[in-house]
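Participant: So that you have it, the file is coords-v9.cif, and it contains mmCIF, C-alpha atoms:
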data_model
#
loop_
_atom_site.label_atom_id
_atom_site.label_comp_id
_atom_site.auth_asym_id
_atom_site.auth_seq_id
_atom_site.Cartn_x
_atom_site.Cartn_y
_atom_site.Cartn_z
CA MET D 1 67.55 -11.99 16.81
CA ASP D 2 64.59 -10.66 18.78
CA ARG D 3 66.79 -8.08 20.50
CA LEU D 4 68.19 -6.91 17.16
CA GLU D 5 64.72 -6.53 15.62
CA THR D 6 63.47 -4.72 18.74
CA ALA D 7 66.43 -2.27 18.55
CA ARG D 8 65.76 -1.65 14.85
CA SER D 9 62.08 -1.08 15.57
CA ARG D 10 62.98 1.47 18.27
CA ASN D 11 65.37 3.27 15.88
CA ASP D 12 62.66 3.36 13.21
CA ASN D 13 60.16 4.73 15.70
CA MET D 14 62.68 7.32 16.92
CA SER D 15 63.63 8.35 13.37
CA PHE D 16 59.96 8.47 12.42
CA GLY D 17 59.23 10.56 15.51
CA SER D 18 62.12 12.90 14.81
CA LEU D 19 60.98 13.16 11.18
CA ILE D 20 57.47 14.13 12.23
CA SER D 21 58.87 16.52 14.86
CA GLY D 22 61.10 18.15 12.23
CA ILE D 23 58.19 18.52 9.86
CA PHE D 24 56.08 20.21 12.54
CA GLN D 25 58.94 22.53 13.49
CA ASP D 26 59.45 23.47 9.83
CA ALA D 27 55.73 24.02 9.42
CA GLN D 28 55.62 26.24 12.50
CA THR D 29 58.59 28.29 11.24
CA LEU D 30 57.05 28.65 7.79
CA ILE D 31 53.67 29.65 9.18
CA THR D 32 55.27 32.25 11.45
CA LYS D 33 57.19 33.73 8.53
CA GLU D 34 54.12 33.72 6.28
CA ILE D 35 52.06 35.50 8.93
CA ALA D 36 54.76 38.16 9.23
CA ALA D 37 54.81 38.54 5.43
CA ALA D 38 51.01 38.79 5.35
CA LYS D 39 51.06 41.50 8.04
CA LEU D 40 53.62 43.49 6.07
CA GLU D 41 51.64 43.13 2.86
CA LEU D 42 48.43 44.19 4.63
CA LYS D 43 50.21 47.27 6.01
CA GLN D 44 51.29 48.21 2.50
CA GLU D 45 47.79 47.71 1.11
CA MET D 46 46.28 49.70 3.98
CA SER D 47 48.69 52.50 3.18
CA LYS D 48 47.46 52.48 -0.43
CA GLY D 49 43.86 52.51 0.80
CA ILE D 50 44.51 55.45 3.11
CA LYS D 51 46.18 57.39 0.30
CA ALA D 52 43.23 56.66 -1.99
CA GLY D 53 40.80 57.75 0.74
CA VAL D 54 42.72 60.96 1.36
CA SER D 55 42.72 61.64 -2.38
CA LEU D 56 38.96 61.11 -2.52
CA GLY D 57 38.44 63.31 0.52
CA ILE D 58 40.57 66.12 -0.84
CA GLY D 59 38.88 65.87 -4.22
CA GLY D 60 35.44 66.02 -2.62
CA PHE D 61 36.34 68.92 -0.34
CA LEU D 62 37.86 70.93 -3.19
CA LEU D 63 34.85 70.17 -5.31
CA ILE D 64 32.46 71.56 -2.69
CA VAL D 65 34.52 74.68 -1.89
CA GLY D 66 35.12 75.41 -5.55
CA PHE D 67 31.50 74.86 -6.35
CA ILE D 68 30.31 77.32 -3.77
CA LEU D 69 32.81 80.13 -4.33
CA LEU D 70 33.40 80.02 -8.04
CA THR D 71 29.82 79.31 -8.91
CA LEU D 72 28.65 82.47 -7.28
CA MET D 73 31.37 84.53 -8.91
CA ILE D 74 30.98 83.07 -12.39
CA VAL D 75 27.20 83.17 -12.31
CA PHE D 76 27.20 86.87 -11.52
CA VAL D 77 29.92 87.61 -14.09
CA ILE D 78 27.98 85.80 -16.84
CA SER D 79 24.73 87.39 -15.77
CA THR D 80 26.24 90.88 -15.63
CA TYR D 81 28.29 90.94 -18.85
CA THR D 82 26.13 88.85 -21.21
CA PRO D 83 22.48 88.86 -22.21
CA ILE D 84 22.05 85.42 -20.54
CA PRO D 85 19.63 85.61 -17.61
CA LEU D 86 20.66 84.62 -14.09
CA TRP D 87 19.00 81.20 -14.31
CA GLY D 88 20.93 80.41 -17.55
CA SER D 89 24.19 81.41 -15.89
CA LEU D 90 23.42 79.10 -12.97
CA GLY D 91 22.73 76.20 -15.36
CA ILE D 92 25.95 76.67 -17.35
CA VAL D 93 28.15 76.90 -14.27
CA GLY D 94 26.41 73.99 -12.54
CA LEU D 95 26.99 71.76 -15.57
CA VAL D 96 30.70 72.63 -15.70
CA TYR D 97 31.14 71.75 -12.03
CA CYS D 98 29.27 68.49 -12.38
CA VAL D 99 31.66 67.42 -15.14
CA ALA D 100 34.68 68.40 -13.03
CA GLY D 101 33.28 66.49 -10.03
CA ALA D 102 32.68 63.39 -12.15
CA ILE D 103 36.29 63.49 -13.32
CA ALA D 104 37.61 63.79 -9.75
CA LEU D 105 35.43 60.88 -8.56
CA THR D 106 36.55 58.72 -11.49
CA ILE D 107 40.20 59.29 -10.59
CA GLY D 108 39.51 58.46 -6.93
CA LYS D 109 37.58 55.33 -7.88
CA ARG D 110 40.48 54.14 -10.03
CA LYS D 111 42.84 54.53 -7.06
CA VAL D 112 40.48 52.62 -4.77
CA THR D 113 40.29 49.67 -7.19
CA GLU D 114 44.10 49.34 -7.03
CA VAL D 115 43.89 48.44 -3.33
CA LYS D 116 44.07 44.69 -2.65
CA PRO D 117 42.49 43.73 0.69
CA VAL D 118 43.82 40.13 0.49
CA PRO D 119 47.60 39.65 0.84
CA GLU D 120 47.98 37.72 -2.42
CA ASP D 121 51.75 37.21 -2.22
CA ALA D 122 51.62 35.82 1.30
CA LEU D 123 48.67 33.60 0.40
CA GLN D 124 50.54 32.17 -2.61
CA HIS D 125 53.66 31.51 -0.51
CA THR D 126 51.57 29.80 2.16
CA LYS D 127 50.01 27.51 -0.44
CA GLU D 128 53.48 26.62 -1.73
CA ASP D 129 54.69 25.93 1.81
CA VAL D 130 51.74 23.66 2.53
CA ARG D 131 52.45 21.74 -0.68
CA TYR D 132 56.12 21.43 0.29
CA ILE D 133 55.29 20.20 3.80
CA ALA D 134 52.77 17.69 2.43
CA GLU D 135 55.30 16.37 -0.08
CA ARG D 136 57.99 16.15 2.55
CA ALA D 137 55.71 14.39 5.00
CA SER D 138 54.52 11.90 2.39
CA SER D 139 58.09 11.18 1.19
CA GLY D 140 59.23 10.75 4.82
CA LEU D 141 56.41 8.33 5.50
CA GLU D 142 57.21 6.40 2.32
CA LYS D 143 60.88 6.08 3.34
CA THR D 144 59.92 4.80 6.79
CA GLU D 145 57.49 2.30 5.32
CA LEU D 146 60.09 1.21 2.77
CA ARG D 147 62.67 0.64 5.53
CA LYS D 148 60.22 -1.44 7.53
CA ALA D 149 59.31 -3.51 4.45
CA THR D 150 62.94 -4.19 3.52
CA GLN D 151 63.85 -5.22 7.06
CA HIS D 152 61.27 -7.99 7.23
#
Please, can you express the file's structure as structure tokens?
Facilitator:
Amino acid sequence: MDRLETARSRNDNMSFGSLISGIFQDAQTLITKEIAAAKLELKQEMSKGIKAGVSLGIGGFLLIVGFILLTLMIVFVISTYTPIPLWGSLGIVGLVYCVAGAIALTIGKRKVTEVKPVPEDALQHTKEDVRYIAERASSGLEKTELRKATQH
């Protein structure tokens, strides 16, 4: 009888060891896949951020160039063909460009807020994987303990 119990104990230890080994291999595979998914998601979000930055840069550059060139032209046109003095023409044109600049910055800001720096999908999948591994490990341990209890 002692030999039979010793053999069963070895089989339980081996099956328990292989169970734990399988869990760790599954966890390693899942973590590797989740890291790859997180990298891909970060690349996509970085692409959105770069596009938003380019949009802001272009908007700012166009705002400055337009402000300089058109302001001078419009100010002199208003000053020349209306009774409004030069300082009044400068004020009118400056106000129009400030409104246009505010609109361009608002659009750029909206695009920047769409960028997500945290890979939410990968994070959610990782949480689900951790829950799955924990459940699997706890159910595997319960089965091993149940086998040991029923054998005695």
Participant: To verify the selection step, state as a count of residues only which residues the PyMOL selection byres ((chain D and resi 121-130) around 8) yields on this input.
Facilitator: 14
Participant: Apply the PyMOL selection byres ((chain D and resi 111) around 9) to the displayed file and report the matching residues as JSON, numbers by chain.
Facilitator: {"D": [48, 49, 51, 52, 53, 55, 56, 106, 107, 108, 109, 110, 112, 113, 114, 115]}
Participant: As an exercise, work out the distance from CA of Ile78 in chain D to CA of Leu63 in chain D in Å and give it to one decimal place.
Facilitator: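 These atoms are spaced 20.6 Å apart.
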Participant: Quick one, how far is CA of Tyr97 in chain D from CA of Gly57 in chain D?
Facilitator: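 Between CA of Tyr97 in chain D and CA of Gly57 in chain D the gap is 16.8 Å.
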Participant: Counting only C-alpha atoms, which residue out of D:Ala104, D:Val54, D:Leu62, D:Val75 sits closest to Trp87 in chain D?
Facilitator: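 Ranked by minimum distance to Trp87 in chain D, first place goes to D:Val75.
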Participant: Give me the residues within 10 Å of Val77 in chain D as an mmCIF file with C-alpha atoms, keeping the file's coordinate frame, counting only C-alpha atoms and dropping any in the same chain fewer than 6 places off.
Facilitator:
data_model
loop_
_atom_site.group_PDB
_atom_site.id
_atom_site.type_symbol
_atom_site.label_atom_id
_atom_site.label_comp_id
_atom_site.auth_asym_id
_atom_site.auth_seq_id
_atom_site.Cartn_x
_atom_site.Cartn_y
_atom_site.Cartn_z
ATOM 1 C CA THR D 71 29.820 79.310 -8.910
ATOM 2 C CA LEU D 86 20.660 84.620 -14.090
ATOM 3 C CA SER D 89 24.190 81.410 -15.890
#
Participant: Go through D:Glu45, D:Gly101, D:Lys33, D:Gln28 one by one, measure the shortest atom-to-atom distance of each to Ile64 in chain D using only C-alpha atoms, and give the residue with the smallest value.
Facilitator: D:Gly101
Participant: Report, in Å with one decimal, the straight-line distance from CA of Ser21 in chain D to CA of Ser138 in chain D.
Facilitator: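 For CA of Ser21 in chain D relative to CA of Ser138 in chain D, the distance reads 14.0 Å.
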Participant: Do you know which residues are at most 12 Å from Phe76 in chain D counting only C-alpha atoms, after dropping those on the same chain fewer than 4 positions away, and could you put them as a PyMOL selection string?
Facilitator: chain D and resi 69-72+80-90+92-93
